[in-house]
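Chemist: Structure incoming, see below.
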Amino acid sequence: MIDERAIVNGIVGLLASGGSTNHTIHLVAVARAAGILINWDDFEDLAGVVPLLMRVYPNGSADVNHFHAAGGMAFLTRELLDAGLLHEDVVTVAGQGLRAYTQEPWLDEGRLRWRQAPDRTGDAEVLRPLADPFDRESGLRVMVGNLGRAVIKTSAVKPEHRVVEAPAKVFYSQQALLEAFQAGELEQDFVAVLPCQGPRACGMPELHKLTPALGVLQDRGFKVALVTDGRMSGASGKVPAAIHVTPEAVVGGELARVRDGDLIRLDSIEGRLEALVEAREWTQRRHVLPQDPDGGAMRGTGRELFDTFRNNTSGAEEGAMSILTGLDNRAEPDADLAIEREATREKDTQL
Amino acid sequence: MAQLNQVLQNVTERIVQRSTHTRTRYLRDIEEAAAREPVRKALACANLAHGFAAAPQPDKDELKSLRWPNIAIVSAYNDMLSAHQPLGDYPAIIKAAAREAGATAQFAGGVPAMCDGVTQGRAGMELSLFSRDVIAMSTAIALSHDMFDAALCLGVCDKIVPGLLIGALRFGHLPVVFVPAGPMPSGLPNRMKARVRQLFAEGKAGRDELLQAESESYHGPGTCTFYGTANSNQLLMELMGLHLPGSAFVNPGTPLRDALTAEARAV
């Protein structure tokens with residue numbers, strides 16, 4: 001019963017709610033488990049037509065209980081269905097059609113029943129009708145440029161921070177950045193570039209520990225942004241972050257060409273992610289990866305047991321999957337995606 | 001039915017086209033598996049007897065007679081994840097509700113669950129993404145015994161739901177319902193918590209103050225209340241039609257939550 005329409009409904013829900021960036025990976029993986037191939041272009045195209053209807057932390061100050069009280073899922077589902085932004089003709093565990101999900105459960109003297117969602121939102125700071133959205137577009141963008149492809153969630157980023165152009169500071173771990181912060185070395189405009197955080201490098205950790213430090217610097221008036229092939233937590237918010245950069249640095253990704261001081265432009269309005277380095281110099285630069293005394297072997301906290309996963313995982317846009325790699329990931333590779341990427345690459349070279 | 005948005009329609013058609021080969025193969029796999037059903041009935045007696053040796057007597061009789069459907073419970077219960085702790089009581093609720101409806105339910109297998117809140121910034125975080133694939137594999141192991149006619153997947157947090165779903169989709173011939181536990185009741189507002197974290201990062205707040213704020217924010221059973229990956233999961237499961245309607249954000253330990261959990265067995 002999970003088919004292409006149900007997957008598209010999932011993407012739409014993620015977008016309308018300003019949901020976690022992790023689902024630009026997980027939904028791809030889930031779809032592949034059902035033989036369905038989606039990519040970030042699908043997210044991007046839908047993001048252009050799906051409005052933002054919900055503001056829950058980190059996109060606002062309310063929590064999910066507040067959202068539920070304001071009308072919750074039933075309200076959200078009805079608004080999207082009525083606008084033709086969800087496929088209604090799907091099979092669900094509740095039977096045929098998604099319309100059943102415009103109802104909410106309640107206990108009628110101990111008996112479970114369902115009733116219609118409220119007509120009006122209980123709190124317009126948390127949940128909005130389609131006619132009056134928080135934003136006409138949902139806050140997720142795909143970024144492309146000479147650094148690769150990335151995603152950014154802008155729903156929690158203030159408009160004045162949505163474009164950042166500043167010199168790069170390259171760190172190979174969260175810890176290194178946090179030490180520089182503690183030492184007072186980051187009191188300036190900069191783009192933090194963290195390569196070697198991808199799935200093959202080290203299992204693609206969330207880098208949420210960076211959020212408070214970068215948030216402090218932003219509050220002090222500096223222009224700051226993050227570019228990494230790692231993940232961020234779904235709770236991350238106000239600092240613009242181009243994440244899941246693919247291909248990741250350790251498999252030839254372009255983040256390995258970035259040097260301290262390179263001017264980086266992160267433009268989440270135009271969807272561009274670029275090192276503003278002269279094209280010839282850029283392509284002639286070597287990829288630099290940090291020296292690893294263990295030769296890439298990760299040890300401790302059980303990480304040594306996961307070498308098979310690291311060695312076999314696909315990239316972020318392919319779901320970062322270390323399973324199903326032979327069956328669905330490699331069969332009939334996305335020919336149209338490959339062509340689009342080639343075109344993007346050529347355009348970048350010309351710039 | 002409302003007129004479908006044109007872009008939505010185009011994207012969907014593009015996905016269908018792109019997936020022609022992989023989807024056809026998937027559906028063929030599922031059809032082949034469905035054609036073999038009900039597998040339990042074809043199990044040799046020795047195999048089948050292994051499958052219900054420890055079942056309570058009334059369930060055993062029904063399992064022997066092969067009259068009732070048998071539901072697999074696959075759960076990510078553990079005590080450390082606040083979101084998953086309420087799942088501890090669910091199998092008993094589900095088994096009782098199943099009997100009332102004329103079915104047996106067996107706890108088919110546990111899957112691991114890790115908390116990114118605990119491992120954030122630590123080495124354990126480097127297992128986090130791969131734990132999704134381990135969960136998918138664990139789900140497959142639970143369902144691999146050919147003992148079940150349907151499954152209930154119990155999980156909430158970031159990698160758990162995608163992992164359970166990946167595993168369940170490889171058993172696409174079985175009806176599967178996702179059973180959530182719901183969010184923690186509200187505590188210290190998230191914005192206040194973020195402010196104290198930032199003050200701590202600047203050295204303007206002490207560890208005591210920080211731990212106090214964190215504990216007031218994360219204070220009971222249920223999912224963390226911000227809209228991160230876990231709650232995004234719940235919203236997605238609902239819009240993908242895998243939850244009972246409206247069940248994503250009902251708090252744990254409430255009569256409505258228990259009623260929803262019991263109702264899940266009937267679907």
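Residues are referred to by chain and number: the chain letter is A, B, ... according to the order shown in the structure tokens, the number counts from 1 in that chain, and ligands are numbered separately from 1 in the order shown.
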Would you give me, as a tab-separated table, each residue of chain A having an atom within 6 Å of an atom of chain B, along with its shortest atom pair and that distance in Å to one decimal, using only C-alpha atoms and sorting by chain and residue number?
Modeler:
residue	atom	partner	partner_atom	distance
A:Ala6	CA	B:Met240	CA	5.1
A:Gly10	CA	B:Leu236	CA	5.1
A:Gly19	CA	B:Ser232	CA	5.4
A:Ser20	CA	B:Thr229	CA	4.9
A:Val30	CA	B:Ile166	CA	5.2
A:Ala33	CA	B:Ile166	CA	5.4
A:Ala34	CA	B:Leu169	CA	5.9
A:Gly35	CA	B:Arg23	CA	4.2
A:Ile36	CA	B:Ser19	CA	5.2
A:Leu37	CA	B:Ser19	CA	5.3
A:Val56	CA	B:Tyr227	CA	5.8
A:Tyr57	CA	B:Phe226	CA	5.2
A:Ser61	CA	B:Arg191	CA	5.9
A:Asp63	CA	B:Phe226	CA	5.2
A:Val64	CA	B:Thr225	CA	5.5
A:Asp82	CA	B:Ala2	CA	5.6
A:Gly84	CA	B:Leu4	CA	4.1
A:Leu85	CA	B:Asn5	CA	5.7
A:Thr92	CA	B:Gly241	CA	4.2
A:Val93	CA	B:Leu242	CA	5.6
A:Tyr101	CA	B:Pro245	CA	4.7
A:Glu104	CA	B:Gly246	CA	4.8
A:Pro105	CA	B:Gly246	CA	5.9
A:Cys202	CA	B:Glu126	CA	5.9
A:Gly203	CA	B:Glu126	CA	5.0
A:Pro205	CA	B:Glu126	CA	5.2
A:Lys209	CA	B:Gly121	CA	5.7
A:Pro212	CA	B:Gln198	CA	4.9
A:Gly234	CA	B:Gly228	CA	3.9
A:Ala235	CA	B:Gly228	CA	4.9
Chemist: If you run DSSP on the backbone here, which positions in range 72-230 of chain A get helix (DSSP H, G or I)? Please write them as a count of residues only.
Modeler: 42
Chemist: Determine, counting only C-alpha atoms, which protein, DNA and RNA residues have an atom within 7 Å of an atom of range 79-88 of chain B; residues of the same chain fewer than 2 positions away are not included. Present the result as a VMD selection string.
Modeler: chain B and resid 76 to 77 90 115 154 to 157 181 220 to 223 252
Chemist: Taking 4 positions as the minimum chain separation for residues in the same chain, which residues sit within 6 Å of range 66-78 of chain A when counting only C-alpha atoms? Answer as a list in words.
Modeler: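 Listed by chain and then number, they are Ala62, Asp82, Tyr101, Thr102, Gln103, Glu104, Ala117, Thr121, Gly122 and Asp123 of chain A.
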Chemist: I'd like the contact shell of Leu186 in chain A - 10 Å cut-off, only C-alpha atoms, skipping same-chain residues fewer than 3 positions apart - returned as a PDB file with all heavy atoms, in the first residue's frame.
Modeler:
ATOM      1  N   LYS A 169      36.478  28.830   7.069  1.00  0.00           N
ATOM      2  CA  LYS A 169      37.369  28.276   8.082  1.00  0.00           C
ATOM      3  C   LYS A 169      37.105  26.778   8.087  1.00  0.00           C
ATOM      4  O   LYS A 169      35.984  26.354   8.327  1.00  0.00           O
ATOM      5  CB  LYS A 169      37.098  28.871   9.460  1.00  0.00           C
ATOM      6  CG  LYS A 169      37.745  30.220   9.676  1.00  0.00           C
ATOM      7  CD  LYS A 169      37.587  30.662  11.113  1.00  0.00           C
ATOM      8  CE  LYS A 169      38.374  31.941  11.397  1.00  0.00           C
ATOM      9  NZ  LYS A 169      39.831  31.724  11.510  1.00  0.00           N
ATOM     10  N   LEU A 177      36.257  22.897  16.009  1.00  0.00           N
ATOM     11  CA  LEU A 177      35.572  24.183  15.901  1.00  0.00           C
ATOM     12  C   LEU A 177      35.248  24.729  17.289  1.00  0.00           C
ATOM     13  O   LEU A 177      35.448  25.919  17.568  1.00  0.00           O
ATOM     14  CB  LEU A 177      34.294  24.042  15.075  1.00  0.00           C
ATOM     15  CG  LEU A 177      33.559  25.354  14.760  1.00  0.00           C
ATOM     16  CD1 LEU A 177      32.832  25.264  13.424  1.00  0.00           C
ATOM     17  CD2 LEU A 177      32.583  25.794  15.845  1.00  0.00           C
ATOM     18  N   LEU A 178      34.768  23.840  18.165  1.00  0.00           N
ATOM     19  CA  LEU A 178      34.382  24.306  19.505  1.00  0.00           C
ATOM     20  C   LEU A 178      35.601  24.810  20.281  1.00  0.00           C
ATOM     21  O   LEU A 178      35.510  25.785  21.030  1.00  0.00           O
ATOM     22  CB  LEU A 178      33.676  23.174  20.270  1.00  0.00           C
ATOM     23  CG  LEU A 178      32.309  22.795  19.686  1.00  0.00           C
ATOM     24  CD1 LEU A 178      31.725  21.571  20.385  1.00  0.00           C
ATOM     25  CD2 LEU A 178      31.330  23.969  19.763  1.00  0.00           C
ATOM     26  N   GLU A 179      36.757  24.177  20.071  1.00  0.00           N
ATOM     27  CA  GLU A 179      37.981  24.660  20.738  1.00  0.00           C
ATOM     28  C   GLU A 179      38.367  26.045  20.231  1.00  0.00           C
ATOM     29  O   GLU A 179      38.758  26.911  21.006  1.00  0.00           O
ATOM     30  CB  GLU A 179      39.126  23.660  20.530  1.00  0.00           C
ATOM     31  CG  GLU A 179      39.014  22.466  21.481  1.00  0.00           C
ATOM     32  CD  GLU A 179      39.893  21.287  21.082  1.00  0.00           C
ATOM     33  OE1 GLU A 179      40.826  21.478  20.264  1.00  0.00           O
ATOM     34  OE2 GLU A 179      39.634  20.175  21.586  1.00  0.00           O
ATOM     35  N   ALA A 180      38.240  26.235  18.912  1.00  0.00           N
ATOM     36  CA  ALA A 180      38.552  27.552  18.346  1.00  0.00           C
ATOM     37  C   ALA A 180      37.591  28.602  18.893  1.00  0.00           C
ATOM     38  O   ALA A 180      37.979  29.735  19.179  1.00  0.00           O
ATOM     39  CB  ALA A 180      38.474  27.490  16.817  1.00  0.00           C
ATOM     40  N   PHE A 181      36.339  28.214  19.077  1.00  0.00           N
ATOM     41  CA  PHE A 181      35.330  29.129  19.633  1.00  0.00           C
ATOM     42  C   PHE A 181      35.699  29.513  21.062  1.00  0.00           C
ATOM     43  O   PHE A 181      35.716  30.697  21.420  1.00  0.00           O
ATOM     44  CB  PHE A 181      33.954  28.459  19.592  1.00  0.00           C
ATOM     45  CG  PHE A 181      32.889  29.220  20.325  1.00  0.00           C
ATOM     46  CD1 PHE A 181      32.384  30.409  19.817  1.00  0.00           C
ATOM     47  CD2 PHE A 181      32.389  28.741  21.541  1.00  0.00           C
ATOM     48  CE1 PHE A 181      31.394  31.116  20.495  1.00  0.00           C
ATOM     49  CE2 PHE A 181      31.403  29.448  22.228  1.00  0.00           C
ATOM     50  CZ  PHE A 181      30.911  30.637  21.705  1.00  0.00           C
ATOM     51  N   GLN A 182      36.042  28.492  21.859  1.00  0.00           N
ATOM     52  CA  GLN A 182      36.414  28.753  23.260  1.00  0.00           C
ATOM     53  C   GLN A 182      37.645  29.636  23.349  1.00  0.00           C
ATOM     54  O   GLN A 182      37.771  30.459  24.252  1.00  0.00           O
ATOM     55  CB  GLN A 182      36.674  27.426  24.001  1.00  0.00           C
ATOM     56  CG  GLN A 182      35.433  26.565  24.218  1.00  0.00           C
ATOM     57  CD  GLN A 182      34.363  27.224  25.082  1.00  0.00           C
ATOM     58  OE1 GLN A 182      34.624  28.232  25.732  1.00  0.00           O
ATOM     59  NE2 GLN A 182      33.156  26.688  25.062  1.00  0.00           N
ATOM     60  N   ALA A 183      38.567  29.464  22.386  1.00  0.00           N
ATOM     61  CA  ALA A 183      39.798  30.257  22.391  1.00  0.00           C
ATOM     62  C   ALA A 183      39.578  31.658  21.838  1.00  0.00           C
ATOM     63  O   ALA A 183      40.527  32.447  21.730  1.00  0.00           O
ATOM     64  CB  ALA A 183      40.871  29.522  21.583  1.00  0.00           C
ATOM     65  N   ASP A 189      33.174  37.339  10.721  1.00  0.00           N
ATOM     66  CA  ASP A 189      32.316  36.700   9.722  1.00  0.00           C
ATOM     67  C   ASP A 189      33.064  35.483   9.196  1.00  0.00           C
ATOM     68  O   ASP A 189      34.249  35.569   8.873  1.00  0.00           O
ATOM     69  CB  ASP A 189      32.068  37.652   8.536  1.00  0.00           C
ATOM     70  CG  ASP A 189      31.249  38.868   8.928  1.00  0.00           C
ATOM     71  OD1 ASP A 189      30.732  38.897  10.067  1.00  0.00           O
ATOM     72  OD2 ASP A 189      31.146  39.800   8.112  1.00  0.00           O
ATOM     73  N   PHE A 190      32.398  34.348   9.084  1.00  0.00           N
ATOM     74  CA  PHE A 190      33.053  33.182   8.472  1.00  0.00           C
ATOM     75  C   PHE A 190      32.036  32.104   8.134  1.00  0.00           C
ATOM     76  O   PHE A 190      30.930  32.071   8.679  1.00  0.00           O
ATOM     77  CB  PHE A 190      34.145  32.596   9.385  1.00  0.00           C
ATOM     78  CG  PHE A 190      33.615  31.839  10.578  1.00  0.00           C
ATOM     79  CD1 PHE A 190      33.671  30.445  10.620  1.00  0.00           C
ATOM     80  CD2 PHE A 190      33.048  32.501  11.658  1.00  0.00           C
ATOM     81  CE1 PHE A 190      33.194  29.735  11.711  1.00  0.00           C
ATOM     82  CE2 PHE A 190      32.557  31.804  12.755  1.00  0.00           C
ATOM     83  CZ  PHE A 190      32.634  30.427  12.781  1.00  0.00           C
ATOM     84  N   ALA A 192      31.855  28.155   8.357  1.00  0.00           N
ATOM     85  CA  ALA A 192      32.505  26.963   8.900  1.00  0.00           C
ATOM     86  C   ALA A 192      32.332  25.835   7.895  1.00  0.00           C
ATOM     87  O   ALA A 192      31.213  25.489   7.533  1.00  0.00           O
ATOM     88  CB  ALA A 192      31.868  26.589  10.231  1.00  0.00           C
ATOM     89  N   ALA A 213      27.261  27.341  19.779  1.00  0.00           N
ATOM     90  CA  ALA A 213      28.409  28.212  19.514  1.00  0.00           C
ATOM     91  C   ALA A 213      28.149  29.107  18.305  1.00  0.00           C
ATOM     92  O   ALA A 213      28.351  30.331  18.361  1.00  0.00           O
ATOM     93  CB  ALA A 213      29.665  27.366  19.291  1.00  0.00           C
ATOM     94  N   LEU A 214      27.658  28.520  17.216  1.00  0.00           N
ATOM     95  CA  LEU A 214      27.403  29.326  16.017  1.00  0.00           C
ATOM     96  C   LEU A 214      26.269  30.315  16.277  1.00  0.00           C
ATOM     97  O   LEU A 214      26.283  31.440  15.771  1.00  0.00           O
ATOM     98  CB  LEU A 214      27.082  28.421  14.827  1.00  0.00           C
ATOM     99  CG  LEU A 214      28.235  27.515  14.357  1.00  0.00           C
ATOM    100  CD1 LEU A 214      27.776  26.580  13.232  1.00  0.00           C
ATOM    101  CD2 LEU A 214      29.450  28.322  13.907  1.00  0.00           C
ATOM    102  N   LEU A 217      27.653  33.371  18.029  1.00  0.00           N
ATOM    103  CA  LEU A 217      28.389  34.251  17.112  1.00  0.00           C
ATOM    104  C   LEU A 217      27.423  35.040  16.228  1.00  0.00           C
ATOM    105  O   LEU A 217      27.628  36.223  15.957  1.00  0.00           O
ATOM    106  CB  LEU A 217      29.361  33.431  16.267  1.00  0.00           C
ATOM    107  CG  LEU A 217      30.498  32.799  17.088  1.00  0.00           C
ATOM    108  CD1 LEU A 217      31.207  31.709  16.296  1.00  0.00           C
ATOM    109  CD2 LEU A 217      31.497  33.865  17.559  1.00  0.00           C
ATOM    110  N   PHE A 222      27.852  38.638  13.900  1.00  0.00           N
ATOM    111  CA  PHE A 222      28.689  38.147  12.800  1.00  0.00           C
ATOM    112  C   PHE A 222      27.830  37.384  11.801  1.00  0.00           C
ATOM    113  O   PHE A 222      26.822  36.784  12.160  1.00  0.00           O
ATOM    114  CB  PHE A 222      29.794  37.218  13.331  1.00  0.00           C
ATOM    115  CG  PHE A 222      30.728  37.909  14.279  1.00  0.00           C
ATOM    116  CD1 PHE A 222      30.791  37.534  15.618  1.00  0.00           C
ATOM    117  CD2 PHE A 222      31.536  38.952  13.825  1.00  0.00           C
ATOM    118  CE1 PHE A 222      31.637  38.181  16.500  1.00  0.00           C
ATOM    119  CE2 PHE A 222      32.390  39.594  14.705  1.00  0.00           C
ATOM    120  CZ  PHE A 222      32.445  39.211  16.049  1.00  0.00           C
ATOM    121  N   VAL A 224      27.535  34.201   9.995  1.00  0.00           N
ATOM    122  CA  VAL A 224      28.093  32.853  10.096  1.00  0.00           C
ATOM    123  C   VAL A 224      27.196  31.857   9.361  1.00  0.00           C
ATOM    124  O   VAL A 224      25.983  32.051   9.248  1.00  0.00           O
ATOM    125  CB  VAL A 224      28.255  32.384  11.567  1.00  0.00           C
ATOM    126  CG1 VAL A 224      29.369  33.133  12.253  1.00  0.00           C
ATOM    127  CG2 VAL A 224      26.961  32.525  12.338  1.00  0.00           C
TER     128      VAL A 224
END
Chemist: Within range 111-240 of chain B, find each residue whose DSSP state, derived from the backbone, is strand (DSSP E or B), and express the selection as a list in words.
Modeler: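 Everything in range 111-240 of chain B that counts as strand (DSSP E or B) is Ala150, Ala151, Leu152, Cys153, Leu154, Val176, Val177, Phe178, Val179, Pro183 and Thr223 of chain B.
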Chemist: What would the file look like if the residues just selected were written as a PDB file, in the first residue's frame with C-alpha atoms?
Modeler:
ATOM      1  CA  ALA B 150       0.264  -9.119  10.017  1.00  0.00           C
ATOM      2  CA  ALA B 151       2.602  -6.932  12.036  1.00  0.00           C
ATOM      3  CA  LEU B 152       2.507  -3.997  14.418  1.00  0.00           C
ATOM      4  CA  CYS B 153       5.654  -1.850  14.498  1.00  0.00           C
ATOM      5  CA  LEU B 154       6.263   0.033  17.726  1.00  0.00           C
ATOM      6  CA  VAL B 176       1.551  -3.498   8.931  1.00  0.00           C
ATOM      7  CA  VAL B 177       0.357  -0.770  11.281  1.00  0.00           C
ATOM      8  CA  PHE B 178       2.676   1.669  13.040  1.00  0.00           C
ATOM      9  CA  VAL B 179       1.852   2.282  16.689  1.00  0.00           C
ATOM     10  CA  PRO B 183       4.937  13.205  22.925  1.00  0.00           C
ATOM     11  CA  THR B 223       8.898  12.011  22.657  1.00  0.00           C
TER      12      THR B 223
END
Chemist: Would you mind telling me which residue in A:Lys223, A:His244, A:Arg55, A:Arg99 lies nearest to Gly319 in chain A when using only C-alpha atoms?
Modeler: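 Result for the nearest residue to Gly319 in chain A: A:His244.
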Chemist: Give me, please, the distance in Å between CA of Val144 in chain A and CA of Asp42 in chain A, quoted to one decimal.
Modeler: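 CA of Val144 in chain A sits 14.4 Å away from CA of Asp42 in chain A.
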Chemist: Can you measure CA of Ile25 in chain A to CA of Ala320 in chain A for me? One decimal in Å is fine.
Modeler: 6.6 Å
Chemist: With only C-alpha atoms as the atoms that count, which of B:Gln212, B:Gly206, B:Ile93, B:Lys64 lies nearest to Ala46 in chain B?
Modeler: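 Closest to Ala46 in chain B, using only C-alpha atoms: B:Lys64.
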